[in-house]
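Heads up, protein.cif below (mmCIF, C-alpha atoms):
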data_final
loop_
_atom_site.label_atom_id
_atom_site.label_comp_id
_atom_site.auth_asym_id
_atom_site.auth_seq_id
_atom_site.Cartn_x
_atom_site.Cartn_y
_atom_site.Cartn_z
CA MET X 141 -64.32 -9.48 16.04
CA SER X 142 -65.02 -12.47 13.82
CA ARG X 143 -68.15 -12.73 11.77
CA SER X 144 -69.20 -15.75 13.86
CA GLY X 145 -69.58 -13.56 16.90
CA ALA X 146 -66.69 -14.82 18.99
CA GLY X 147 -65.63 -11.61 20.69
CA PRO X 148 -62.75 -10.92 23.05
CA GLY X 149 -64.70 -12.41 25.96
CA ALA X 150 -65.22 -15.76 24.27
CA GLY X 151 -63.24 -18.76 25.38
CA PRO X 152 -60.19 -20.02 23.44
CA GLU X 153 -62.07 -23.02 22.05
CA ARG X 154 -64.95 -20.87 20.77
CA ARG X 155 -62.57 -18.34 19.24
CA GLN X 156 -60.67 -21.14 17.48
CA GLN X 157 -63.90 -22.59 16.09
CA ALA X 158 -64.98 -19.16 14.85
CA SER X 159 -61.59 -18.60 13.26
CA GLU X 160 -61.74 -21.96 11.50
CA ALA X 161 -65.27 -21.20 10.27
CA ASP X 162 -64.15 -17.86 8.85
CA ALA X 163 -61.13 -19.49 7.22
CA THR X 164 -63.38 -21.91 5.30
CA SER X 165 -65.88 -19.25 4.19
CA PRO X 166 -65.81 -18.19 0.53
CA PHE X 167 -63.51 -15.22 0.03
CA LEU X 168 -65.21 -11.90 -0.68
CA ALA X 169 -62.97 -8.90 -1.20
CA SER X 170 -65.67 -6.60 0.19
CA GLU X 171 -65.77 -8.53 3.47
CA HIS X 172 -62.35 -10.11 4.02
CA GLN X 173 -59.06 -8.31 4.36
CA HIS X 174 -56.34 -9.24 1.89
CA ILE X 175 -53.23 -7.80 0.30
CA ARG X 176 -52.85 -6.85 -3.36
CA TYR X 177 -49.70 -6.52 -5.41
CA ASN X 178 -48.76 -3.40 -7.36
CA PRO X 179 -46.60 -4.76 -10.20
CA LEU X 180 -45.81 -1.27 -11.48
CA GLN X 181 -44.13 -0.08 -8.29
CA ASP X 182 -43.31 -3.49 -6.76
CA GLU X 183 -45.19 -3.06 -3.50
CA TRP X 184 -48.21 -4.44 -1.69
CA VAL X 185 -51.31 -2.77 -0.25
CA LEU X 186 -53.51 -4.08 2.56
CA VAL X 187 -57.23 -3.91 1.68
CA SER X 188 -59.64 -3.86 4.63
CA ALA X 189 -63.04 -2.96 3.18
CA HIS X 190 -64.96 -3.91 6.32
CA ARG X 191 -63.40 -0.91 8.13
CA MET X 192 -65.74 1.47 6.27
CA LYS X 193 -68.46 0.33 8.68
CA ARG X 194 -66.75 1.98 11.63
CA PRO X 195 -68.04 5.39 12.81
CA TRP X 196 -65.81 8.36 12.07
CA GLN X 197 -64.82 10.56 14.98
CA GLY X 198 -61.54 11.80 13.57
CA GLN X 199 -60.46 15.03 11.98
CA VAL X 200 -62.90 16.91 9.75
CA GLU X 201 -61.30 19.29 7.29
CA PRO X 202 -62.62 22.85 6.98
CA SER X 203 -64.77 23.52 3.96
CA PRO X 204 -62.84 25.02 1.04
CA LEU X 205 -63.12 28.70 0.27
CA GLU X 206 -66.48 29.36 -1.36
CA THR X 207 -65.23 32.20 -3.52
CA VAL X 208 -61.84 32.94 -5.03
CA PRO X 209 -61.30 36.33 -6.64
CA ARG X 210 -60.84 36.10 -10.39
CA HIS X 211 -57.88 38.45 -10.25
CA ASP X 212 -55.90 39.55 -7.22
CA PRO X 213 -52.92 41.85 -7.86
CA ARG X 214 -51.34 40.49 -4.67
CA ASN X 215 -51.45 36.91 -5.98
CA PRO X 216 -48.00 36.22 -7.48
CA LEU X 217 -49.49 33.88 -10.11
CA CYS X 218 -51.95 36.40 -11.55
CA PRO X 219 -51.27 38.32 -14.77
CA GLY X 220 -49.46 41.57 -14.08
CA ALA X 221 -48.63 40.67 -10.46
CA THR X 222 -45.19 41.17 -8.94
CA ARG X 223 -43.56 37.97 -7.70
CA ALA X 224 -41.27 37.51 -4.69
CA ASN X 225 -38.13 38.05 -6.76
CA GLY X 226 -39.38 41.39 -8.05
CA GLU X 227 -40.27 40.17 -11.53
CA VAL X 228 -43.61 41.27 -12.96
CA ASN X 229 -45.76 38.69 -14.70
CA PRO X 230 -46.86 39.47 -18.23
CA HIS X 231 -50.55 40.06 -18.83
CA TYR X 232 -50.91 36.56 -20.19
CA GLU X 233 -54.19 35.38 -21.66
CA GLY X 234 -53.48 31.65 -21.91
CA THR X 235 -50.80 29.61 -20.17
CA PHE X 236 -47.73 31.08 -18.47
CA LEU X 237 -44.53 29.07 -17.83
CA PHE X 238 -41.76 30.52 -15.65
CA ASP X 239 -38.91 29.50 -13.37
CA ASN X 240 -39.94 28.71 -9.80
CA ASP X 241 -38.85 31.53 -7.49
CA PHE X 242 -38.11 29.02 -4.72
CA PRO X 243 -36.78 25.94 -6.57
CA ALA X 244 -36.04 22.65 -4.86
CA LEU X 245 -33.45 21.95 -7.58
CA GLN X 246 -30.90 24.33 -9.07
CA PRO X 247 -28.74 23.69 -12.14
CA ASP X 248 -25.43 24.79 -10.65
CA ALA X 249 -25.42 23.21 -7.17
CA PRO X 250 -21.97 21.88 -6.11
CA SER X 251 -21.33 18.18 -5.62
CA PRO X 252 -21.03 16.86 -2.03
CA GLY X 253 -17.95 14.87 -3.02
CA PRO X 254 -17.07 11.26 -2.21
CA SER X 255 -18.56 9.55 0.84
CA ASP X 256 -16.20 8.35 3.57
CA HIS X 257 -18.48 5.51 4.74
CA PRO X 258 -21.13 3.32 3.06
CA LEU X 259 -23.70 4.38 5.67
CA PHE X 260 -23.24 8.07 4.89
CA GLN X 261 -23.68 8.45 1.16
CA ALA X 262 -24.57 11.66 -0.67
CA LYS X 263 -24.60 12.42 -4.38
CA ALA X 264 -25.01 15.49 -6.52
CA ALA X 265 -28.57 16.66 -7.29
CA ARG X 266 -29.07 19.30 -9.95
CA GLY X 267 -32.05 20.39 -11.93
CA VAL X 268 -34.62 23.01 -12.85
CA CYS X 269 -38.03 23.80 -11.35
CA LYS X 270 -40.74 25.60 -13.28
CA VAL X 271 -44.33 26.68 -12.65
CA LEU X 272 -47.05 26.51 -15.31
CA CYS X 273 -50.18 28.59 -14.87
CA PHE X 274 -53.08 26.98 -16.72
CA HIS X 275 -55.28 30.04 -17.06
CA PRO X 276 -55.22 33.79 -16.27
CA TRP X 277 -58.22 33.49 -13.93
CA SER X 278 -57.77 32.34 -10.33
CA ASP X 279 -61.37 31.14 -9.93
CA VAL X 280 -61.21 28.31 -12.46
CA THR X 281 -59.78 24.80 -12.36
CA LEU X 282 -59.05 22.33 -15.14
CA PRO X 283 -62.58 20.82 -15.20
CA LEU X 284 -64.04 24.32 -15.59
CA MET X 285 -61.77 25.16 -18.51
CA SER X 286 -62.76 24.62 -22.13
CA ILE X 287 -61.45 21.68 -24.16
CA PRO X 288 -59.20 23.96 -26.28
CA GLU X 289 -57.78 25.54 -23.10
CA ILE X 290 -56.98 22.12 -21.64
CA ARG X 291 -55.44 21.09 -24.96
CA THR X 292 -53.13 24.11 -24.72
CA VAL X 293 -51.97 22.91 -21.29
CA ILE X 294 -51.25 19.47 -22.75
CA ASP X 295 -49.20 21.01 -25.55
CA VAL X 296 -47.11 22.93 -23.02
CA TRP X 297 -46.62 19.75 -20.99
CA ALA X 298 -45.30 18.04 -24.10
CA SER X 299 -43.02 20.90 -25.13
CA VAL X 300 -41.52 21.45 -21.67
CA THR X 301 -40.89 17.70 -21.38
CA GLU X 302 -39.04 17.81 -24.67
CA ASP X 303 -37.07 20.95 -23.81
CA LEU X 304 -35.95 19.91 -20.33
CA GLY X 305 -35.64 16.26 -21.35
CA ALA X 306 -32.89 17.22 -23.78
CA GLN X 307 -30.65 17.79 -20.74
CA TYR X 308 -32.16 15.96 -17.76
CA PRO X 309 -32.99 12.24 -17.42
CA TRP X 310 -36.26 12.82 -15.57
CA VAL X 311 -38.93 15.49 -16.07
CA GLN X 312 -41.70 15.31 -13.48
CA ILE X 313 -44.93 17.19 -14.22
CA PHE X 314 -47.28 17.30 -11.24
CA GLU X 315 -50.28 19.24 -9.95
CA ASN X 316 -51.28 19.63 -6.31
CA LYS X 317 -54.89 20.81 -6.31
CA GLY X 318 -56.45 22.16 -3.14
CA ALA X 319 -55.14 23.25 0.24
CA MET X 320 -55.69 19.69 1.51
CA MET X 321 -52.87 18.61 -0.82
CA GLY X 322 -50.53 21.38 0.28
CA CYS X 323 -51.37 23.84 -2.48
CA SER X 324 -50.86 27.32 -1.02
CA ASN X 325 -52.20 29.22 -4.02
CA PRO X 326 -55.68 28.60 -5.52
CA HIS X 327 -54.63 29.89 -8.95
CA PRO X 328 -54.76 26.94 -11.42
CA HIS X 329 -51.21 25.77 -11.95
CA CYS X 330 -48.82 22.82 -11.89
CA GLN X 331 -45.10 22.37 -11.42
CA VAL X 332 -42.36 20.84 -13.55
CA TRP X 333 -39.20 19.52 -11.89
CA ALA X 334 -36.37 18.24 -14.06
CA SER X 335 -33.62 16.36 -12.22
CA SER X 336 -30.16 14.97 -12.93
CA PHE X 337 -31.19 11.66 -11.34
CA LEU X 338 -34.08 9.21 -11.52
CA PRO X 339 -36.31 9.59 -8.42
CA ASP X 340 -37.13 6.50 -6.36
CA ILE X 341 -40.59 5.85 -7.80
CA ALA X 342 -39.30 6.31 -11.34
CA GLN X 343 -36.55 3.79 -10.61
CA ARG X 344 -39.07 1.25 -9.30
CA GLU X 345 -41.33 1.71 -12.32
CA GLU X 346 -38.32 1.40 -14.63
CA LYS X 347 -37.20 -1.84 -12.99
CA SER X 348 -40.71 -3.34 -12.92
CA GLN X 349 -41.58 -2.47 -16.51
CA GLN X 350 -38.25 -3.69 -17.80
CA ALA X 351 -38.57 -6.98 -15.94
CA TYR X 352 -42.11 -7.56 -17.19
CA GLN X 353 -41.12 -6.84 -20.79
CA SER X 354 -38.18 -9.23 -20.53
CA GLN X 355 -40.35 -12.00 -19.10
CA HIS X 356 -43.56 -11.55 -21.12
CA GLY X 357 -42.43 -9.77 -24.28
CA GLU X 358 -44.75 -6.76 -24.02
CA PRO X 359 -45.08 -3.60 -21.92
CA LEU X 360 -46.63 -4.15 -18.48
CA LEU X 361 -49.15 -1.32 -18.75
CA MET X 362 -50.21 -2.26 -22.27
CA GLU X 363 -51.20 -5.72 -21.06
CA TYR X 364 -52.76 -4.27 -17.91
CA GLY X 365 -54.91 -1.88 -19.94
CA ARG X 366 -56.11 -4.73 -22.16
CA GLN X 367 -56.98 -6.84 -19.14
CA GLU X 368 -58.99 -4.04 -17.54
CA LEU X 369 -60.90 -3.52 -20.80
CA LEU X 370 -61.79 -7.22 -20.83
CA ARG X 371 -62.78 -7.40 -17.17
CA LYS X 372 -64.74 -4.11 -17.09
CA GLU X 373 -64.68 -4.04 -13.28
CA ARG X 374 -62.66 -0.90 -12.55
CA LEU X 375 -63.09 1.21 -15.69
CA VAL X 376 -64.11 4.80 -15.10
CA LEU X 377 -63.93 6.23 -18.63
CA THR X 378 -62.94 5.01 -22.05
CA SER X 379 -62.47 6.92 -25.28
CA GLU X 380 -60.97 6.32 -28.70
CA HIS X 381 -57.42 6.88 -27.46
CA TRP X 382 -57.51 6.73 -23.62
CA LEU X 383 -58.55 4.68 -20.60
CA VAL X 384 -59.25 5.84 -17.05
CA LEU X 385 -59.50 3.16 -14.38
CA VAL X 386 -59.24 2.56 -10.67
CA PRO X 387 -56.12 0.38 -10.39
CA PHE X 388 -56.50 -3.09 -8.90
CA TRP X 389 -53.75 -2.07 -6.45
CA ALA X 390 -55.06 1.45 -5.69
CA VAL X 391 -54.07 2.91 -2.32
CA TRP X 392 -56.07 6.14 -2.21
CA PRO X 393 -59.88 5.76 -2.04
CA PHE X 394 -60.66 7.30 -5.45
CA GLN X 395 -57.28 6.89 -7.07
CA THR X 396 -57.25 6.58 -10.87
CA LEU X 397 -54.77 5.70 -13.59
CA LEU X 398 -54.88 7.39 -17.01
CA LEU X 399 -53.48 5.32 -19.89
CA PRO X 400 -53.19 5.77 -23.65
CA ARG X 401 -54.52 2.84 -25.69
CA ARG X 402 -51.58 3.03 -28.09
CA HIS X 403 -48.02 2.29 -27.04
CA VAL X 404 -46.64 5.75 -26.17
CA ARG X 405 -43.46 6.30 -24.19
CA ARG X 406 -43.55 10.06 -23.55
CA LEU X 407 -45.90 13.05 -23.77
CA PRO X 408 -44.23 14.61 -26.84
CA GLU X 409 -45.04 11.45 -28.83
CA LEU X 410 -48.81 12.01 -28.59
CA THR X 411 -50.50 12.73 -31.91
CA PRO X 412 -52.81 15.75 -32.34
CA ALA X 413 -55.83 13.43 -32.19
CA GLU X 414 -54.58 11.83 -28.96
CA ARG X 415 -54.01 15.25 -27.42
CA ASP X 416 -57.52 16.39 -28.34
CA ASP X 417 -58.96 13.21 -26.86
CA LEU X 418 -56.81 13.59 -23.74
CA ALA X 419 -58.20 17.08 -23.14
CA LEU X 420 -61.73 15.71 -23.38
CA ILE X 421 -61.23 12.71 -21.10
CA MET X 422 -59.36 14.82 -18.52
CA LYS X 423 -62.29 17.22 -18.37
CA LYS X 424 -64.71 14.32 -17.95
CA LEU X 425 -62.64 12.68 -15.22
CA LEU X 426 -62.09 15.86 -13.23
CA THR X 427 -65.78 16.75 -13.56
CA LYS X 428 -66.64 13.36 -12.09
CA TYR X 429 -64.30 14.07 -9.22
CA ASP X 430 -65.89 17.47 -8.55
CA ASN X 431 -69.40 16.00 -8.66
CA LEU X 432 -68.49 13.10 -6.39
CA PHE X 433 -68.82 15.10 -3.16
CA GLU X 434 -70.03 18.33 -4.78
CA THR X 435 -66.78 20.13 -4.10
CA SER X 436 -63.67 21.23 -5.95
CA PHE X 437 -62.01 17.85 -5.58
CA PRO X 438 -58.43 17.95 -4.21
CA TYR X 439 -55.77 15.66 -5.61
CA SER X 440 -52.14 15.25 -6.51
CA MET X 441 -51.51 14.05 -10.03
CA GLY X 442 -48.48 13.55 -12.21
CA TRP X 443 -47.19 12.13 -15.47
CA HIS X 444 -44.70 9.27 -15.75
CA GLY X 445 -42.96 8.55 -19.04
CA ALA X 446 -39.75 6.97 -20.21
CA PRO X 447 -36.52 8.59 -18.96
CA THR X 448 -34.97 11.29 -21.13
CA GLY X 449 -31.62 13.10 -21.17
CA SER X 450 -28.46 11.72 -22.70
CA GLU X 451 -29.92 8.18 -22.83
CA ALA X 452 -33.21 9.18 -24.47
CA GLY X 453 -32.22 7.21 -27.55
CA THR X 454 -31.87 3.98 -25.55
CA ASN X 455 -34.52 1.33 -26.05
CA TRP X 456 -37.29 2.34 -23.64
CA ASP X 457 -40.03 0.28 -25.32
CA HIS X 458 -40.91 -1.34 -22.00
CA TRP X 459 -42.25 2.03 -20.83
CA GLN X 460 -45.84 3.16 -21.28
CA LEU X 461 -46.85 6.77 -20.64
CA HIS X 462 -49.36 7.15 -17.80
CA ALA X 463 -50.73 9.62 -15.28
CA HIS X 464 -51.53 8.95 -11.62
CA TYR X 465 -54.35 10.76 -9.80
CA TYR X 466 -54.21 10.55 -5.99
CA PRO X 467 -57.22 12.21 -4.30
CA PRO X 468 -57.27 12.18 -0.47
CA LEU X 469 -61.03 12.35 0.19
CA LEU X 470 -62.60 9.26 1.75
CA ARG X 471 -66.16 9.73 3.04
CA SER X 472 -67.13 13.29 2.16
CA ALA X 473 -65.75 16.66 1.11
CA THR X 474 -64.37 17.15 4.62
CA VAL X 475 -63.21 13.66 5.63
CA ARG X 476 -59.90 12.55 4.16
CA LYS X 477 -57.68 9.50 4.30
CA PHE X 478 -54.47 9.82 6.31
CA MET X 479 -51.26 7.95 5.52
CA VAL X 480 -50.06 7.50 9.10
CA GLY X 481 -49.29 4.77 11.60
CA TYR X 482 -49.40 1.44 9.81
CA GLU X 483 -49.00 3.10 6.41
CA MET X 484 -45.86 4.91 7.51
CA LEU X 485 -44.36 2.02 9.46
CA ALA X 486 -45.47 -1.09 7.57
CA GLN X 487 -47.25 -0.72 4.21
CA ALA X 488 -50.11 1.06 2.48
CA GLN X 489 -53.66 0.22 3.54
CA ARG X 490 -57.08 1.15 2.14
CA ASP X 491 -60.64 0.76 3.41
CA LEU X 492 -62.49 0.46 0.09
CA THR X 493 -61.79 -2.12 -2.55
CA PRO X 494 -61.26 -0.57 -5.98
CA GLU X 495 -64.35 -2.49 -7.14
CA GLN X 496 -66.41 -0.99 -4.32
CA VAL X 497 -65.60 2.59 -5.17
CA LYS X 498 -68.86 4.47 -4.82
CA THR X 499 -69.91 7.83 -3.51
CA ARG X 500 -70.94 8.73 -0.01
CA SER X 501 -73.09 11.58 -1.34
CA ILE X 502 -76.81 12.03 -0.75
CA LEU X 503 -77.49 9.87 -3.80
CA GLY X 504 -75.21 7.03 -2.72
CA PRO X 505 -77.79 4.97 -0.78
CA LEU X 506 -80.32 5.35 -3.61
CA PHE X 507 -78.12 3.70 -6.21
CA SER X 508 -77.16 0.06 -6.41
CA PRO X 509 -75.53 -1.24 -9.59
CA ILE X 510 -77.46 -4.50 -9.41
CA SER X 511 -80.47 -5.77 -7.53
CA SER X 512 -79.80 -8.41 -4.92
CA LYS X 513 -82.54 -10.44 -6.61
CA ASP X 514 -80.94 -10.21 -10.07
CA LEU X 515 -77.57 -11.91 -10.16
CA SER X 516 -78.04 -13.39 -13.61
CA ASN X 517 -75.02 -11.58 -15.08
CA GLN X 518 -72.90 -11.36 -11.96
CA ASP X 519 -69.32 -12.53 -12.48
CA LEU X 520 -69.50 -15.32 -9.94
CA GLU X 521 -65.99 -16.55 -10.67
CA ASN X 522 -64.42 -13.28 -9.60
CA PRO X 523 -64.35 -12.77 -5.79
CA TYR X 524 -63.35 -9.11 -6.29
CA ASN X 525 -66.62 -8.32 -8.05
CA PRO X 526 -69.52 -9.51 -5.83
CA GLY X 527 -72.92 -8.15 -6.78
CA ILE X 528 -71.72 -6.09 -9.74
CA PRO X 529 -72.69 -7.06 -13.29
CA LYS X 530 -69.72 -7.73 -15.54
CA ALA X 531 -70.89 -5.05 -17.95
CA ALA X 532 -71.02 -2.37 -15.25
CA GLY X 533 -67.89 -0.26 -15.09
CA ALA X 534 -66.53 1.57 -12.07
CA ALA X 535 -67.78 4.78 -13.69
CA GLN X 536 -71.25 3.87 -12.48
CA LEU X 537 -69.89 3.43 -8.98
CA LEU X 538 -67.56 6.41 -9.01
CA HIS X 539 -70.12 8.95 -10.14
CA PRO X 540 -73.45 9.38 -8.32
CA LEU X 541 -75.28 10.95 -11.24
CA VAL X 542 -74.86 8.38 -14.01
CA ILE X 543 -78.17 6.56 -13.51
CA PRO X 544 -79.96 8.71 -10.88
CA ALA X 545 -79.50 11.77 -13.07
CA VAL X 546 -81.45 10.07 -15.84
CA LEU X 547 -84.39 9.74 -13.49
CA ILE X 548 -84.06 13.16 -11.93
CA THR X 549 -83.77 15.03 -15.20
CA SER X 550 -86.93 13.31 -16.38
CA LEU X 551 -88.98 14.82 -13.55
CA PRO X 552 -90.47 18.01 -15.01
CA VAL X 553 -92.46 18.51 -11.83
CA LEU X 554 -89.28 18.86 -9.79
CA GLN X 555 -87.76 21.19 -12.36
CA ALA X 556 -90.86 23.33 -12.44
CA LEU X 557 -90.98 23.44 -8.65
CA LEU X 558 -87.37 24.60 -8.41
CA ARG X 559 -87.93 27.25 -11.03
CA CYS X 560 -91.01 28.41 -9.19
CA LEU X 561 -89.22 28.58 -5.85
CA LEU X 562 -85.92 30.01 -7.07
CA GLY X 563 -86.91 32.03 -10.09
CA THR X 564 -84.92 31.35 -13.25
CA GLN X 565 -82.57 28.53 -14.10
CA SER X 566 -79.58 30.81 -13.69
CA SER X 567 -80.42 31.43 -10.03
CA ILE X 568 -80.50 27.76 -9.08
CA PRO X 569 -77.44 26.74 -7.04
CA PRO X 570 -74.92 24.77 -9.16
CA SER X 571 -75.15 21.69 -6.96
CA TRP X 572 -78.93 21.62 -7.41
CA ALA X 573 -78.63 22.33 -11.09
CA ALA X 574 -76.26 19.38 -11.49
CA LEU X 575 -78.99 17.14 -10.10
CA THR X 576 -81.94 18.57 -11.99
CA PHE X 577 -80.79 19.96 -15.33
CA PRO X 578 -79.24 17.92 -18.10
CA LEU X 579 -77.30 20.87 -19.52
CA PRO X 580 -73.79 21.48 -18.12
CA LEU X 581 -73.51 24.52 -15.88
CA SER X 582 -70.43 26.56 -15.10
CA GLY X 583 -68.28 24.36 -17.32
CA CYS X 584 -69.06 21.18 -15.40
CA GLY X 585 -69.38 19.36 -18.70
CA GLU X 586 -70.00 15.71 -19.38
CA THR X 587 -71.07 13.01 -16.96
CA GLU X 588 -71.13 9.92 -19.14
CA GLY X 589 -69.84 6.59 -17.95
CA THR X 590 -67.86 4.16 -20.01
CA SER X 591 -68.30 4.32 -23.72
#

Rewrite the structure of this file - the entire thing - as C-alpha cells.
Amino acid sequence: MSRSGAGPGAGPERRQQASEADATSPFLASEHQHIRYNPLQDEWVLVSAHRMKRPWQGQVEPSPLETVPRHDPRNPLCPGATRANGEVNPHYEGTFLFDNDFPALQPDAPSPGPSDHPLFQAKAARGVCKVLCFHPWSDVTLPLMSIPEIRTVIDVWASVTEDLGAQYPWVQIFENKGAMMGCSNPHPHCQVWASSFLPDIAQREEKSQQAYQSQHGEPLLMEYGRQELLRKERLVLTSEHWLVLVPFWAVWPFQTLLLPRRHVRRLPELTPAERDDLALIMKKLLTKYDNLFETSFPYSMGWHGAPTGSEAGTNWDHWQLHAHYYPPLLRSATVRKFMVGYEMLAQAQRDLTPEQVKTRSILGPLFSPISSKDLSNQDLENPYNPGIPKAAGAAQLLHPLVIPAVLITSLPVLQALLRCLLGTQSSIPPSWAALTFPLPLSGCGETEGTS
C-alpha cells in the first residue's frame, strides 16, 4: 500500500496519483525500498526497511541449551575423548588441530576426466579438511575466552594458513556457531578447508578487487575502510589496527565486516601487535553480539585473504585481508532471517538498512541516538542516515547498553535493591548483572562503542 493511502480498492486514477506523489517524495532509505551494490562480490541486495513494521507469525526457534557440560567424555571434541575413527584426543589444555574425520575434500581423490559436452562439465577437486578446537572446555565460546586464549587461536589460524597454503591455492577458515547455523557440536571450534581450486565467492572477490585496483590504483577494501571512517555511519568498533563495520551492502540483519587498517593480504602477514589487537576487538565484537539479544549469538564467520599455493608469489596487492560475520537473528534470540523464496530465486533482500541496525531488546525502545527535536548535527545530505548524528557510529545502534548502561550503572538504588532481593552480586543472573553492574561478568568483557 502506498504511503498516500491508495489501497487495492482505490480507483486507477487515485492509485496513479498516489504513485506519482510517492515518486516525488524525498528518498529516505528507512522508508523507501531500494537496491544496493556490493562491489566486493559484484551483486545487488534489495533493502526494504518498511517491512520490519509487519507482525511476525512465522517460525520461532527453540531457545538454546541453557547449560552445556564443561567436559563430556562422549563428545568427540573434548580432551581425552574417542572420535569416530577410533583415535583418542590428547588431553589438550589450549587449542587442538586435527584432520576432520568426515572431510568434504580429500587429497587423493581421482579426476573425473574430460567432459563430453559443454553442459556436463566436471573437474577434479582435492584438498584437506581440518578441525580446530579453540579451548578444552565445551561451555565457553570465543567472547568468554581470555585475550591471550583468543590470540592463540589467531596464531593457529595464521600458521595453518601458511602450512596448507604452501600446497593449496585457497585456505578457508570458518566458524559455524550455534545449532541455528548447523553446528552439531557446542564445543568451541572452527574448520579449515584447503582446496585445489578457488571457490565461487573467492573468484568473485578476486575479480572485483583486481578490477577496482586496475581502475582506481588502490585496493578496494582499503578505500572502503577509509570511506567508512570518514562517514562514521556504520562503524561498530575501531581500534589502533582494526575496523568493524556493518557493510553498506549487508544482507544479514547484523552482518559485520572486520578489516585491518594496514594493507595486509593474508593472516600470516599480521604483526604481533596486530594479532594482539585483533584478539581484543574480536572479543569486543562477539560480546556485543551476545549482549544484543542476551543469548549466545549464532553466526557463520570466515576469513578471506589473497590466494596461496603455487602462485602465492604473484602480485596480489589488490587483495585486502578481511573477515565476514553473518548472524541469522533478526528480531530476537528466537526469530531468525530466512534466505528463501525471493532470495533463492532472484536476489538477496534485507528488512533493516545497515544504518538502522538497532536492537529489539527490552532497552531498544528506550534508546534513540538523536532527539527528533535536535537535528543540528544530522547529516542532511545523506539519505541513508536520517535522524542519526554524523558522529554517532553504528556501535551505538548495534549495542543496547552503550548509553543506557551509563544511566543504569549510576543507579545505586537499583543495585542495592537487587542485592537485597537476590543476596550477593555473584547470585545475580548474568543478564541482570550486565544491565546493572559496570564490571564484566563471566568473561563478557568490554562494551565500548567506537574509539

Find the residues around Pro216 (chain X) up to 12 Å (all atoms listed in the file counted), leave out those fewer than 2 positions away in its own chain, and share them as a list in words.
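Neighbouring residues, sequence-local ones excluded: His211, Asp212, Pro213, Arg214, Cys218, Pro219, Gly220, Ala221, Thr222, Arg223, Ala224, Asn225, Gly226, Glu227, Val228, Asn229, Pro230, Phe238, Asn240, Asp241, Val271, Cys273, Pro276, Ser278, Ser324, Asn325, Pro326, His327 and His329 of chain X.
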
Residues from last step as file, C-alpha atoms, as a PDB file, keeping the file's coordinate frame:
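Output file result.pdb is given in full below:
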ATOM      1  CA  HIS X 211     -57.880  38.450 -10.250  1.00  0.00           C
ATOM      2  CA  ASP X 212     -55.900  39.550  -7.220  1.00  0.00           C
ATOM      3  CA  PRO X 213     -52.920  41.850  -7.860  1.00  0.00           C
ATOM      4  CA  ARG X 214     -51.340  40.490  -4.670  1.00  0.00           C
ATOM      5  CA  CYS X 218     -51.950  36.400 -11.550  1.00  0.00           C
ATOM      6  CA  PRO X 219     -51.270  38.320 -14.770  1.00  0.00           C
ATOM      7  CA  GLY X 220     -49.460  41.570 -14.080  1.00  0.00           C
ATOM      8  CA  ALA X 221     -48.630  40.670 -10.460  1.00  0.00           C
ATOM      9  CA  THR X 222     -45.190  41.170  -8.940  1.00  0.00           C
ATOM     10  CA  ARG X 223     -43.560  37.970  -7.700  1.00  0.00           C
ATOM     11  CA  ALA X 224     -41.270  37.510  -4.690  1.00  0.00           C
ATOM     12  CA  ASN X 225     -38.130  38.050  -6.760  1.00  0.00           C
ATOM     13  CA  GLY X 226     -39.380  41.390  -8.050  1.00  0.00           C
ATOM     14  CA  GLU X 227     -40.270  40.170 -11.530  1.00  0.00           C
ATOM     15  CA  VAL X 228     -43.610  41.270 -12.960  1.00  0.00           C
ATOM     16  CA  ASN X 229     -45.760  38.690 -14.700  1.00  0.00           C
ATOM     17  CA  PRO X 230     -46.860  39.470 -18.230  1.00  0.00           C
ATOM     18  CA  PHE X 238     -41.760  30.520 -15.650  1.00  0.00           C
ATOM     19  CA  ASN X 240     -39.940  28.710  -9.800  1.00  0.00           C
ATOM     20  CA  ASP X 241     -38.850  31.530  -7.490  1.00  0.00           C
ATOM     21  CA  VAL X 271     -44.330  26.680 -12.650  1.00  0.00           C
ATOM     22  CA  CYS X 273     -50.180  28.590 -14.870  1.00  0.00           C
ATOM     23  CA  PRO X 276     -55.220  33.790 -16.270  1.00  0.00           C
ATOM     24  CA  SER X 278     -57.770  32.340 -10.330  1.00  0.00           C
ATOM     25  CA  SER X 324     -50.860  27.320  -1.020  1.00  0.00           C
ATOM     26  CA  ASN X 325     -52.200  29.220  -4.020  1.00  0.00           C
ATOM     27  CA  PRO X 326     -55.680  28.600  -5.520  1.00  0.00           C
ATOM     28  CA  HIS X 327     -54.630  29.890  -8.950  1.00  0.00           C
ATOM     29  CA  HIS X 329     -51.210  25.770 -11.950  1.00  0.00           C
TER      30      HIS X 329
END

Could you tell me how far CA of Val311 (chain X) lies from CA of Phe274 (chain X), in Å and to one decimal?
18.2 Å

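Taking CA of Gln367 (chain X) as the reference point, CA of Arg402 (chain X) is found at 14.4 Å.
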
Test item: the PyMOL selection byres ((chain X and resi 391-396) around 7) resolved as a VMD selection string:
chain X and resid 185 384 to 387 389 to 390 397 to 398 464 to 468 470 488 to 490 492 497

For this file, the PyMOL selection byres ((chain X and resi 363) around 12) selects which residues, as a PyMOL selection string?
chain X and resi 179-180+349+352-353+356-362+364-370+399-403+458-460
